[in-house]
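Next up, coords03.txt (compact mmCIF, C-alpha atoms):
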# COMPACT_ATOMS: atom_id res chain seq x y z
CA MET A 92 86.03 94.04 102.01
CA VAL A 93 88.40 91.98 99.86
CA LYS A 94 86.53 89.27 97.99
CA ALA A 95 87.85 85.74 97.64
CA PRO A 96 89.00 84.53 94.23
CA LYS A 97 86.04 83.06 92.34
CA ASP A 98 87.42 79.53 92.46
CA LEU A 99 88.28 79.63 96.17
CA GLN A 100 85.60 78.42 98.57
CA PRO A 101 85.58 79.07 102.34
CA GLU A 102 86.40 75.43 103.01
CA ASP A 103 89.51 75.83 100.83
CA TRP A 104 91.12 78.64 102.78
CA ARG A 105 90.05 77.07 106.09
CA ARG A 106 91.82 73.88 105.02
CA GLU A 107 94.81 75.96 103.96
CA ARG A 108 94.87 77.65 107.36
CA ALA A 109 94.57 74.35 109.27
CA GLU A 110 97.39 72.79 107.25
CA ALA A 111 99.64 75.84 107.65
CA LEU A 112 99.14 75.86 111.43
CA LEU A 113 99.88 72.14 111.60
CA ARG A 114 103.03 72.44 109.47
CA ALA A 115 104.39 75.55 111.17
CA ARG A 116 107.79 74.72 112.60
CA LEU A 117 109.16 78.22 113.20
CA VAL A 118 106.69 80.86 114.38
CA VAL A 119 107.08 84.57 115.15
CA VAL A 120 104.53 85.62 117.75
CA LYS A 121 104.12 89.33 118.42
CA VAL A 122 102.17 90.60 121.41
CA GLY A 123 101.28 94.26 121.80
CA SER A 124 101.22 96.60 124.76
CA ALA A 125 97.43 96.80 124.70
CA VAL A 126 97.32 93.03 125.34
CA LEU A 127 100.01 92.86 128.02
CA ALA A 128 99.38 96.07 129.91
CA ASP A 129 96.72 98.45 131.09
CA ALA A 130 96.80 101.73 133.01
CA HIS A 131 98.24 99.88 136.02
CA GLY A 132 101.15 98.27 134.15
CA LEU A 133 101.81 94.68 133.09
CA SER A 134 99.08 92.11 133.68
CA ASP A 135 100.63 89.05 135.34
CA SER A 136 97.56 86.94 134.55
CA VAL A 137 97.80 87.72 130.82
CA LEU A 138 101.55 87.03 130.71
CA HIS A 139 101.18 83.71 132.52
CA SER A 140 98.25 82.68 130.33
CA LEU A 141 100.17 83.44 127.13
CA ALA A 142 103.31 81.74 128.42
CA ALA A 143 101.32 78.59 129.20
CA GLN A 144 99.75 78.59 125.73
CA LEU A 145 103.07 79.21 123.96
CA ALA A 146 104.72 76.45 125.99
CA ARG A 147 102.01 74.00 124.93
CA LEU A 148 102.45 75.04 121.30
CA ALA A 149 106.21 74.67 121.50
CA LEU A 150 105.98 71.20 122.99
CA ALA A 151 103.23 70.02 120.66
CA PRO A 152 104.50 68.18 117.55
CA SER A 153 104.20 69.88 114.19
CA ASP A 154 104.18 68.16 110.83
CA GLY A 155 107.85 67.30 110.32
CA ALA A 156 108.45 68.09 113.98
CA PHE A 157 111.63 69.76 115.20
CA SER A 158 113.54 68.10 118.00
CA GLY A 159 116.03 69.84 120.24
CA PRO A 160 119.49 68.49 121.09
CA GLU A 161 119.38 64.79 121.99
CA GLY A 162 115.63 64.80 121.50
CA ALA A 163 115.02 67.42 124.20
CA GLY A 164 113.50 70.85 123.87
CA PRO A 165 110.55 72.16 121.92
CA ARG A 166 109.38 70.59 118.69
CA ARG A 167 107.87 73.79 117.36
CA ARG A 168 110.24 76.74 117.62
CA ILE A 169 108.86 80.12 118.70
CA VAL A 170 110.30 83.62 118.73
CA LEU A 171 108.33 86.09 120.83
CA VAL A 172 108.32 89.80 120.00
CA SER A 173 107.04 91.58 123.09
CA SER A 174 106.00 95.18 123.53
CA GLY A 175 105.23 96.58 126.97
CA ALA A 176 108.54 98.03 128.21
CA VAL A 177 107.35 101.64 128.08
CA ALA A 178 104.04 100.78 129.74
CA ALA A 179 105.85 98.78 132.44
CA GLY A 180 108.33 101.58 133.13
CA ARG A 181 105.64 104.24 133.27
CA ALA A 182 103.55 102.17 135.72
CA LEU A 183 106.56 101.44 137.95
CA LEU A 184 107.45 105.14 138.19
CA ALA A 185 103.82 106.08 138.84
CA GLY A 186 103.75 103.57 141.71
CA LEU A 187 106.70 105.42 143.26
CA GLY A 188 104.83 108.70 143.10
CA ARG A 189 106.43 109.86 139.86
CA ALA A 190 104.28 110.25 136.76
CA PRO A 191 106.52 111.44 133.93
CA GLU A 192 105.12 112.47 130.57
CA CYS A 193 106.21 109.91 127.97
CA THR A 194 105.37 111.83 124.82
CA GLY A 195 108.80 112.63 123.37
CA LEU A 196 111.38 110.16 122.03
CA ALA A 197 113.81 110.69 124.91
CA ALA A 198 111.05 110.22 127.50
CA ARG A 199 109.82 107.03 125.85
CA GLN A 200 113.37 105.69 125.65
CA ALA A 201 113.90 106.45 129.34
CA ALA A 202 110.61 104.76 130.30
CA ALA A 203 111.60 101.73 128.20
CA ALA A 204 114.94 101.57 130.01
CA VAL A 205 113.09 101.47 133.34
CA GLY A 206 110.54 98.92 132.17
CA GLN A 207 112.57 96.56 129.97
CA GLY A 208 114.09 94.65 132.88
CA ARG A 209 110.70 94.37 134.56
CA LEU A 210 109.14 93.08 131.32
CA MET A 211 111.89 90.48 130.80
CA GLN A 212 111.72 89.37 134.43
CA ALA A 213 107.97 88.81 134.08
CA TRP A 214 108.38 86.70 130.90
CA ASP A 215 111.29 84.74 132.38
CA LYS A 216 109.27 83.83 135.46
CA ALA A 217 106.19 82.92 133.42
CA PHE A 218 108.07 80.60 131.03
CA LEU A 219 110.31 78.98 133.64
CA ALA A 220 107.13 77.68 135.27
CA HIS A 221 106.82 75.50 132.15
CA GLY A 222 110.48 74.53 131.94
CA MET A 223 111.28 76.94 129.10
CA PRO A 224 114.34 79.17 129.46
CA THR A 225 114.21 82.56 127.75
CA ALA A 226 116.77 84.89 126.19
CA GLN A 227 116.51 88.66 125.87
CA VAL A 228 117.30 90.00 122.39
CA LEU A 229 117.28 93.78 121.86
CA LEU A 230 117.63 95.01 118.27
CA THR A 231 117.90 98.25 116.35
CA ARG A 232 117.22 98.61 112.66
CA ASP A 233 120.95 99.01 112.07
CA ASP A 234 121.39 95.39 113.22
CA LEU A 235 119.38 94.29 110.20
CA ARG A 236 120.67 96.91 107.76
CA SER A 237 124.28 95.76 108.08
CA ARG A 238 124.56 92.45 106.22
CA GLN A 239 127.24 91.15 108.60
CA ARG A 240 125.19 92.00 111.69
CA PHE A 241 122.10 90.55 109.98
CA LEU A 242 123.91 87.22 109.53
CA ASN A 243 125.29 87.33 113.08
CA ALA A 244 121.79 87.89 114.46
CA ARG A 245 120.41 85.04 112.37
CA ASN A 246 123.11 82.68 113.64
CA THR A 247 122.43 83.69 117.25
CA PHE A 248 118.70 83.02 116.87
CA ALA A 249 119.44 79.64 115.27
CA GLU A 250 121.68 78.63 118.17
CA LEU A 251 119.18 79.74 120.83
CA LEU A 252 116.38 77.82 119.12
CA HIS A 253 118.63 74.75 118.78
CA TRP A 254 119.16 74.87 122.54
CA GLY A 255 115.42 74.99 123.17
CA VAL A 256 115.56 78.60 124.41
CA LEU A 257 112.73 80.99 123.63
CA PRO A 258 114.03 84.38 122.42
CA VAL A 259 112.06 87.38 123.69
CA VAL A 260 112.70 90.27 121.30
CA ASN A 261 112.14 93.99 121.64
CA GLU A 262 113.56 97.12 120.08
CA ASN A 263 116.61 98.48 121.85
CA ASP A 264 114.79 101.74 122.58
CA THR A 265 117.46 103.22 124.82
CA VAL A 266 120.07 103.49 122.06
CA SER A 267 117.87 103.75 118.94
CA VAL A 268 117.87 107.04 117.08
CA SER A 269 114.90 108.11 115.02
CA GLU A 270 116.33 107.14 111.64
CA LEU A 271 117.25 103.66 112.90
CA LYS A 272 114.01 102.87 114.74
CA PHE A 273 111.65 100.19 113.47
CA GLY A 274 108.75 102.50 114.28
CA ASP A 275 106.85 99.82 116.19
CA ASN A 276 107.17 96.15 117.07
CA ASP A 277 104.82 95.13 114.26
CA CYS A 278 107.50 96.29 111.83
CA LEU A 279 110.23 94.58 113.86
CA ALA A 280 108.27 91.31 113.93
CA SER A 281 107.69 91.31 110.18
CA LEU A 282 111.42 91.82 109.55
CA LEU A 283 112.20 88.99 111.98
CA VAL A 284 110.02 86.68 109.89
CA ASN A 285 112.57 87.14 107.11
CA LEU A 286 115.63 87.14 109.39
CA ILE A 287 114.94 83.74 110.97
CA GLY A 288 113.10 82.14 108.05
CA ALA A 289 109.79 81.74 109.90
CA ASP A 290 106.86 80.03 108.19
CA LEU A 291 104.07 81.62 110.27
CA PHE A 292 103.45 85.05 111.82
CA VAL A 293 100.97 85.39 114.70
CA ASN A 294 100.02 88.89 115.84
CA LEU A 295 98.19 89.16 119.17
CA THR A 296 96.18 92.36 119.44
CA SER A 297 93.46 93.98 121.55
CA ALA A 298 90.96 93.73 118.67
CA PRO A 299 88.94 90.60 117.84
CA GLY A 300 90.62 90.50 114.44
CA VAL A 301 90.69 92.65 111.31
CA LEU A 302 87.39 94.48 111.07
CA ALA A 303 85.65 95.06 107.75
CA ALA A 304 85.45 98.83 108.40
CA ASP A 305 86.83 101.52 110.71
CA PRO A 306 85.15 100.80 114.08
CA ARG A 307 84.99 104.52 114.81
CA GLN A 308 82.71 104.93 111.81
CA GLU A 309 80.94 101.56 111.97
CA PRO A 310 80.94 100.19 115.54
CA ALA A 311 79.17 97.01 114.42
CA ALA A 312 81.69 96.19 111.68
CA PRO A 313 82.20 92.40 111.51
CA VAL A 314 85.54 90.60 111.73
CA MET A 315 86.95 89.45 108.41
CA GLU A 316 87.71 85.77 108.82
CA CYS A 317 90.11 85.78 105.88
CA VAL A 318 92.00 88.47 103.96
CA HIS A 319 92.77 87.05 100.54
CA ASP A 320 94.87 89.93 99.19
CA VAL A 321 96.18 92.21 101.90
CA ALA A 322 97.88 94.49 99.35
CA SER A 323 94.47 95.48 97.93
CA LEU A 324 93.06 96.65 101.28
CA ASP A 325 92.35 100.34 101.77
CA LEU A 326 94.12 100.65 105.12
CA GLY A 327 93.08 104.25 105.65
CA ARG A 328 89.41 103.26 105.43
CA LEU A 329 89.66 100.08 107.46
CA CYS A 330 91.88 101.11 110.34
CA GLY A 331 91.22 103.29 113.33
CA GLY A 332 93.75 105.20 115.41
CA LYS A 333 96.59 103.93 117.56
CA THR A 334 95.93 102.24 120.87
CA SER A 335 96.27 104.19 124.11
CA VAL A 336 99.20 102.21 125.52
CA GLY A 337 100.85 101.08 122.28
CA THR A 338 102.24 102.71 119.17
CA GLY A 339 100.83 100.49 116.45
CA GLY A 340 97.16 99.91 115.85
CA MET A 341 95.62 97.74 113.13
CA TYR A 342 97.21 99.82 110.37
CA SER A 343 100.72 98.74 111.34
CA LYS A 344 99.58 95.16 111.91
CA LEU A 345 98.20 94.90 108.38
CA LEU A 346 101.32 96.55 106.99
CA ALA A 347 103.38 93.91 108.81
CA ALA A 348 101.10 91.16 107.47
CA ARG A 349 101.57 92.54 103.98
CA ARG A 350 105.34 92.33 104.31
CA ALA A 351 105.13 88.75 105.54
CA ALA A 352 102.76 87.84 102.71
CA GLN A 353 105.29 89.11 100.17
CA ILE A 354 107.74 86.35 101.17
CA GLY A 355 105.04 83.70 101.23
CA VAL A 356 104.34 83.71 104.98
CA PRO A 357 100.73 83.82 106.26
CA THR A 358 99.65 85.90 109.24
CA LEU A 359 97.12 85.08 111.93
CA VAL A 360 95.71 88.13 113.76
CA LEU A 361 94.18 87.08 117.07
CA PRO A 362 92.56 88.74 120.12
CA GLY A 363 95.37 88.22 122.61
CA ARG A 364 93.32 88.60 125.78
CA GLU A 365 90.72 85.95 124.97
CA PRO A 366 91.12 82.79 127.10
CA ASP A 367 93.23 80.06 125.43
CA ILE A 368 93.16 81.96 122.14
CA LEU A 369 96.37 80.42 120.79
CA SER A 370 95.37 76.90 121.78
CA ARG A 371 91.95 77.31 120.16
CA ALA A 372 93.38 78.83 116.99
CA PHE A 373 95.89 76.01 116.51
CA ALA A 374 93.07 73.54 117.12
CA SER A 375 91.33 75.07 114.05
CA ALA A 376 88.71 77.01 115.98
CA ALA A 377 87.13 79.91 114.07
CA CYS A 378 88.74 83.01 115.57
CA GLY A 379 90.67 86.06 114.47
CA THR A 380 91.68 86.82 110.89
CA TRP A 381 93.73 84.70 108.52
CA VAL A 382 95.86 86.76 106.09
CA ARG A 383 96.82 84.64 103.11
CA PRO A 384 100.35 84.78 101.65
CA CYS A 385 101.12 85.93 98.13
CA ALA A 386 100.96 83.21 95.51
CA GLN A 387 104.30 84.32 94.05
CA PRO A 388 106.70 85.28 96.87
CA ILE A 389 109.44 87.80 96.22
CA PRO A 390 113.13 86.90 96.70
CA ARG A 391 114.21 87.38 100.31
CA ARG A 392 117.11 89.53 99.09
CA LYS A 393 114.62 92.02 97.65
CA PHE A 394 112.69 91.94 100.92
CA TRP A 395 115.87 92.76 102.83
CA LEU A 396 116.92 95.65 100.59
CA ALA A 397 113.40 97.16 100.54
CA TYR A 398 112.89 97.18 104.30
CA GLN A 399 116.44 97.59 105.61
CA SER A 400 115.74 101.27 106.34
CA ASP A 401 113.25 104.01 105.65
CA PRO A 402 113.51 105.65 102.19
CA ALA A 403 116.02 108.51 102.20
CA GLY A 404 114.35 110.34 99.32
CA SER A 405 111.93 110.06 96.41
CA VAL A 406 111.97 110.07 92.63
CA HIS A 407 108.86 111.02 90.67
CA VAL A 408 108.58 109.27 87.31
CA ASP A 409 106.60 109.98 84.14
CA GLU A 410 103.86 107.88 82.56
CA GLY A 411 106.20 105.95 80.28
CA ALA A 412 108.56 105.01 83.09
CA ALA A 413 105.67 103.95 85.35
CA ARG A 414 104.29 101.74 82.60
CA ALA A 415 107.71 100.18 81.93
CA LEU A 416 108.23 99.45 85.63
CA LEU A 417 104.77 98.01 86.30
CA ARG A 418 104.07 96.15 83.06
CA ASP A 419 107.45 95.26 81.60
CA GLY A 420 109.54 94.66 84.71
CA ALA A 421 112.05 97.24 83.48
CA SER A 422 114.68 99.23 85.33
CA LEU A 423 114.24 102.94 86.01
CA LEU A 424 116.28 105.02 83.53
CA PRO A 425 117.27 108.67 83.90
CA GLY A 426 114.93 109.71 81.10
CA GLY A 427 111.89 108.66 83.11
CA VAL A 428 112.74 110.75 86.19
CA ARG A 429 110.84 114.04 86.49
CA LEU A 430 111.57 115.17 90.05
CA VAL A 431 114.09 114.28 92.76
CA GLU A 432 113.37 114.90 96.45
CA GLY A 433 115.66 114.54 99.44
CA ILE A 434 119.38 114.52 100.12
CA PHE A 435 120.99 111.10 99.69
CA GLN A 436 124.10 109.30 98.51
CA GLU A 437 124.67 106.42 96.10
CA GLY A 438 123.10 103.20 97.34
CA ALA A 439 120.32 104.96 99.28
CA LEU A 440 116.84 103.51 99.38
CA LEU A 441 114.39 105.67 97.41
CA ARG A 442 110.64 105.73 97.06
CA VAL A 443 109.44 105.67 93.43
CA LEU A 444 106.32 107.79 92.89
CA HIS A 445 103.96 108.41 89.97
CA LYS A 446 101.19 111.01 90.25
CA GLY A 447 101.64 111.01 94.01
CA GLN A 448 101.20 107.24 94.34
CA SER A 449 104.00 104.98 95.54
CA LEU A 450 105.05 102.37 92.98
CA GLY A 451 107.76 100.81 95.14
CA VAL A 452 111.24 101.31 96.55
CA GLY A 453 114.73 100.67 95.23
CA LEU A 454 118.42 101.34 95.66
CA SER A 455 119.72 104.35 93.75
CA ASN A 456 122.88 104.18 91.67
CA TYR A 457 123.21 107.96 91.98
CA SER A 458 123.39 110.60 94.69
CA ALA A 459 120.66 113.23 94.81
CA ALA A 460 123.02 115.86 93.41
CA ALA A 461 124.00 113.71 90.41
CA LEU A 462 120.46 112.53 89.78
CA LYS A 463 119.12 116.08 89.64
CA LYS A 464 121.65 116.84 86.89
CA ILE A 465 120.58 113.92 84.66
CA ALA A 466 116.82 113.68 85.37
CA GLY A 467 114.90 113.42 82.10
CA LEU A 468 118.02 112.98 79.92
CA LYS A 469 118.81 110.29 77.38
CA ARG A 470 121.82 108.03 77.78
CA HIS A 471 124.16 109.99 75.52
CA GLU A 472 123.17 113.21 77.29
CA VAL A 473 123.98 111.62 80.65
CA ALA A 474 127.41 110.62 79.35
CA ALA A 475 128.06 114.18 78.21
CA ILE A 476 127.45 115.45 81.74
CA LEU A 477 128.89 112.65 83.91
CA GLY A 478 131.41 111.11 81.53
CA ASP A 479 131.75 107.39 80.91
CA ALA A 480 131.68 106.51 84.64
CA HIS A 481 127.92 106.37 84.94
CA TYR A 482 125.22 103.74 85.28
CA PRO A 483 122.60 103.10 82.58
CA GLU A 484 119.94 102.75 85.28
CA VAL A 485 118.93 105.00 88.14
CA ILE A 486 117.48 101.92 89.89
CA HIS A 487 118.15 98.47 88.44
CA ARG A 488 115.15 96.15 88.43
CA ASP A 489 117.09 93.63 90.57
CA ASN A 490 117.28 96.32 93.27
CA LEU A 491 113.65 97.41 92.95
CA LEU A 492 110.62 96.13 94.87
CA LEU A 493 107.28 97.22 93.46
CA ASP A 494 104.27 97.56 95.76
CA ALA A 495 106.50 97.78 98.83
CA ALA A 496 104.73 98.03 102.17
CA VAL A 497 106.38 101.24 103.38
Take the structure from the file and write it as structure tokens.
Amino acid sequence: MVKAPKDLQPEDWRRERAEALLRARLVVVKVGSAVLADAHGLSDSVLHSLAAQLARLALAPSDGAFSGPEGAGPRRRIVLVSSGAVAAGRALLAGLGRAPECTGLAARQAAAAVGQGRLMQAWDKAFLAHGMPTAQVLLTRDDLRSRQRFLNARNTFAELLHWGVLPVVNENDTVSVSELKFGDNDCLASLLVNLIGADLFVNLTSAPGVLAADPRQEPAAPVMECVHDVASLDLGRLCGGKTSVGTGGMYSKLLAARRAAQIGVPTLVLPGREPDILSRAFASAACGTWVRPCAQPIPRRKFWLAYQSDPAGSVHVDEGAARALLRDGASLLPGGVRLVEGIFQEGALLRVLHKGQSLGVGLSNYSAAALKKIAGLKRHEVAAILGDAHYPEVIHRDNLLLDAAV
């Protein structure tokens, strides 16, 4: 269990949590398949309960409250990331006497195509009962990797929220290919926090919160009320396997919380099926787990470059290079590279490793072929091989994020 800083008392972080919830003006709420669905498909009662709670939150004033056009619309803006399309599609087909196996990528994409409309229809009906129109937004990772499409998406979200419309976001499973997939909606939600400039991330899960140990090993493990430094958690020890109807599990939720923390955004992990859980949490009731943000947030540009895509390869560095990166904030030079893995071009995102441990990720100035030629060489030796048209750094420190949550 992560201990609190010596000078931080429980009343301090509880006050911090209460103030952050009160001030939150733009909130990303992610709800998982294990909350929304069971073996029989989507649960209408759960969807309607969550819609009612989110509508109350949206209409309740926040500190420095937002007002829609001409004073109408929600005061607190909410973006909902909803899983459940695959579960909904699978249940619908089963009800028609067809029970396809949804184990492969193509099968999951097909089930999502069947279920996405049903999922959106359910949310639309649930929110319209509270006078809140919804908008369907389907994204692939390529939409966030391209800077132009990133900005277009941000502008679209801003306009929808200005109109008082609640965006319901999911991955565009039908057209996503493996290298452009987010992996799960926890990852998608954490990247949306950066995209829209949210100041709070709420993750609704089937667990009561973040447990202090793997529940498979310690069934009586207590819920951690507060995680002070999510980067220091041993996720392999804490987290169990993936849920039966979802793809995430607590591992991916804590990884998403760690990404949000890096840009100064706290995360609240809540048991999504508990009655009025959102209303109680925002009323400062003791529930779930509060994940504190980093004291020194990273630039959002670094966040974008680090998580725009999965690393295309790896560079293993020696002791001197690792020390220069971690302690001195230096760039990675060719002389510090010991091994190059993968096939990639200039500008690719690489994982930086030392003794098998990940130090971070960064954008490479060299292709894999060129980097293999100059690994371990000094600057004048690099010039002799590549000529004058070369970079001093393999990865410049401005394009490097240490301790990346990948």
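Using all atoms listed in the file, the smallest distance between any of A:Asp401, A:Asp290, A:Asp325, A:Asp277 and Ala347 in chain A comes from A:Asp277.
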Exercise. Nearest to Ala374 in chain A among A:Tyr342, A:Arg236, A:Ala151, A:Arg116, with distances taken over all atoms listed in the file: which residue is it?
Worked result: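 The answer is A:Ala151, which sits nearest to Ala374 in chain A.
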Problem set entry | Length of the CA of Met341 in chain A to CA of Leu171 in chain A vector [Å] |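 Here the two named atoms are 18.9 Å from each other.
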Exercise. Hey, can you check how far CA of Ala496 in chain A sits from CA of Ala115 in chain A?
Worked result: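 So the two atoms, CA of Ala496 in chain A and CA of Ala115 in chain A, lie 24.2 Å apart.
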Would you pick out the contacts of Pro306 in chain A at 10 Å or less, using all atoms listed in the file, so that residues sharing its chain but fewer than 2 positions from it are not included, and give the list as a PDB file with C-alpha atoms, in the coordinates of the input?
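Result file follows (out-v3.pdb):
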ATOM      1  CA  LEU A 302      87.390  94.480 111.070  1.00  0.00           C
ATOM      2  CA  ALA A 303      85.650  95.060 107.750  1.00  0.00           C
ATOM      3  CA  ALA A 304      85.450  98.830 108.400  1.00  0.00           C
ATOM      4  CA  GLN A 308      82.710 104.930 111.810  1.00  0.00           C
ATOM      5  CA  GLU A 309      80.940 101.560 111.970  1.00  0.00           C
ATOM      6  CA  PRO A 310      80.940 100.190 115.540  1.00  0.00           C
ATOM      7  CA  ALA A 311      79.170  97.010 114.420  1.00  0.00           C
ATOM      8  CA  ALA A 312      81.690  96.190 111.680  1.00  0.00           C
ATOM      9  CA  PRO A 313      82.200  92.400 111.510  1.00  0.00           C
ATOM     10  CA  ARG A 328      89.410 103.260 105.430  1.00  0.00           C
ATOM     11  CA  LEU A 329      89.660 100.080 107.460  1.00  0.00           C
ATOM     12  CA  CYS A 330      91.880 101.110 110.340  1.00  0.00           C
ATOM     13  CA  GLY A 331      91.220 103.290 113.330  1.00  0.00           C
ATOM     14  CA  GLY A 332      93.750 105.200 115.410  1.00  0.00           C
TER      15      GLY A 332
END
Kindly provide the residues of range 284-386 of chain A that approach range 119-139 of chain A to within 12 Å, each paired with its closest atom pair and their distance in Å to one decimal, based on all atoms listed in the file, listed by chain and increasing number, as a Markdown table.
| residue | atom | partner | partner_atom | distance |
| --- | --- | --- | --- | --- |
| A:Val284 | CA | A:Val119 | CA | 6.4 |
| A:Asn285 | CA | A:Val119 | CA | 10.1 |
| A:Leu286 | CA | A:Val119 | CA | 10.6 |
| A:Ile287 | CA | A:Val119 | CA | 8.9 |
| A:Gly288 | CA | A:Val119 | CA | 9.6 |
| A:Ala289 | CA | A:Val119 | CA | 6.6 |
| A:Asp290 | CA | A:Val119 | CA | 8.3 |
| A:Leu291 | CA | A:Val119 | CA | 6.4 |
| A:Phe292 | CA | A:Val119 | CA | 4.9 |
| A:Val293 | CA | A:Val120 | CA | 4.7 |
| A:Asn294 | CA | A:Lys121 | CA | 4.9 |
| A:Leu295 | CA | A:Val122 | CA | 4.8 |
| A:Thr296 | CA | A:Gly123 | CA | 5.9 |
| A:Ser297 | CA | A:Val126 | CA | 5.5 |
| A:Ala298 | CA | A:Val126 | CA | 9.2 |
| A:Pro299 | CA | A:Val126 | CA | 11.5 |
| A:Lys333 | CA | A:Ala125 | CA | 10.1 |
| A:Thr334 | CA | A:Ala125 | CA | 6.8 |
| A:Ser335 | CA | A:Ala125 | CA | 7.5 |
| A:Val336 | CA | A:Ala125 | CA | 5.8 |
| A:Gly337 | CA | A:Ser124 | CA | 5.1 |
| A:Thr338 | CA | A:Ser124 | CA | 8.3 |
| A:Gly339 | CA | A:Gly123 | CA | 8.2 |
| A:Gly340 | CA | A:Gly123 | CA | 9.2 |
| A:Met341 | CA | A:Gly123 | CA | 10.9 |
| A:Ser343 | CA | A:Gly123 | CA | 11.4 |
| A:Lys344 | CA | A:Lys121 | CA | 9.8 |
| A:Ala347 | CA | A:Lys121 | CA | 10.7 |
| A:Ala348 | CA | A:Lys121 | CA | 11.5 |
| A:Ala351 | CA | A:Val119 | CA | 10.7 |
| A:Val356 | CA | A:Val119 | CA | 10.6 |
| A:Pro357 | CA | A:Val119 | CA | 11.0 |
| A:Thr358 | CA | A:Val119 | CA | 9.6 |
| A:Leu359 | CA | A:Val120 | CA | 9.4 |
| A:Val360 | CA | A:Lys121 | CA | 9.7 |
| A:Leu361 | CA | A:Val122 | CA | 9.8 |
| A:Pro362 | CA | A:Val126 | CA | 8.3 |
| A:Gly363 | CA | A:Val126 | CA | 5.9 |
| A:Arg364 | CA | A:Val126 | CA | 6.0 |
| A:Glu365 | CA | A:Val137 | CA | 9.4 |
| A:Pro366 | CA | A:Val137 | CA | 9.1 |
| A:Asp367 | CA | A:Val137 | CA | 10.4 |
| A:Ile368 | CA | A:Val137 | CA | 11.4 |
| A:Leu369 | CA | A:Val120 | CA | 10.1 |
For the residues in the current selection, export C-alpha atoms as an mmCIF file, in the coordinates of the input.
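Once everything was written out, this is selection-v4.cif:
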data_model
loop_
_atom_site.group_PDB
_atom_site.id
_atom_site.type_symbol
_atom_site.label_atom_id
_atom_site.label_comp_id
_atom_site.auth_asym_id
_atom_site.auth_seq_id
_atom_site.Cartn_x
_atom_site.Cartn_y
_atom_site.Cartn_z
ATOM 1 C CA VAL A 284 110.020 86.680 109.890
ATOM 2 C CA ASN A 285 112.570 87.140 107.110
ATOM 3 C CA LEU A 286 115.630 87.140 109.390
ATOM 4 C CA ILE A 287 114.940 83.740 110.970
ATOM 5 C CA GLY A 288 113.100 82.140 108.050
ATOM 6 C CA ALA A 289 109.790 81.740 109.900
ATOM 7 C CA ASP A 290 106.860 80.030 108.190
ATOM 8 C CA LEU A 291 104.070 81.620 110.270
ATOM 9 C CA PHE A 292 103.450 85.050 111.820
ATOM 10 C CA VAL A 293 100.970 85.390 114.700
ATOM 11 C CA ASN A 294 100.020 88.890 115.840
ATOM 12 C CA LEU A 295 98.190 89.160 119.170
ATOM 13 C CA THR A 296 96.180 92.360 119.440
ATOM 14 C CA SER A 297 93.460 93.980 121.550
ATOM 15 C CA ALA A 298 90.960 93.730 118.670
ATOM 16 C CA PRO A 299 88.940 90.600 117.840
ATOM 17 C CA LYS A 333 96.590 103.930 117.560
ATOM 18 C CA THR A 334 95.930 102.240 120.870
ATOM 19 C CA SER A 335 96.270 104.190 124.110
ATOM 20 C CA VAL A 336 99.200 102.210 125.520
ATOM 21 C CA GLY A 337 100.850 101.080 122.280
ATOM 22 C CA THR A 338 102.240 102.710 119.170
ATOM 23 C CA GLY A 339 100.830 100.490 116.450
ATOM 24 C CA GLY A 340 97.160 99.910 115.850
ATOM 25 C CA MET A 341 95.620 97.740 113.130
ATOM 26 C CA SER A 343 100.720 98.740 111.340
ATOM 27 C CA LYS A 344 99.580 95.160 111.910
ATOM 28 C CA ALA A 347 103.380 93.910 108.810
ATOM 29 C CA ALA A 348 101.100 91.160 107.470
ATOM 30 C CA ALA A 351 105.130 88.750 105.540
ATOM 31 C CA VAL A 356 104.340 83.710 104.980
ATOM 32 C CA PRO A 357 100.730 83.820 106.260
ATOM 33 C CA THR A 358 99.650 85.900 109.240
ATOM 34 C CA LEU A 359 97.120 85.080 111.930
ATOM 35 C CA VAL A 360 95.710 88.130 113.760
ATOM 36 C CA LEU A 361 94.180 87.080 117.070
ATOM 37 C CA PRO A 362 92.560 88.740 120.120
ATOM 38 C CA GLY A 363 95.370 88.220 122.610
ATOM 39 C CA ARG A 364 93.320 88.600 125.780
ATOM 40 C CA GLU A 365 90.720 85.950 124.970
ATOM 41 C CA PRO A 366 91.120 82.790 127.100
ATOM 42 C CA ASP A 367 93.230 80.060 125.430
ATOM 43 C CA ILE A 368 93.160 81.960 122.140
ATOM 44 C CA LEU A 369 96.370 80.420 120.790
#
For this session: Please identify all polymer residues within 10 Å of Ala474 in chain A, counting only C-alpha atoms, omitting same-chain residues fewer than 6 positions from it, and present them as a ChimeraX atom specification.
Result: /A:465,468,480-483
Exercise. How many Å lie between CA of Leu430 in chain A and CA of Gly447 in chain A, rounded to one decimal?
Worked result: 11.5 Å
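If all atoms listed in the file are the atoms counted, then among A:Gly433, A:Gly453, A:Gly420, A:Gly427 the closest residue to Trp395 in chain A is A:Gly453.
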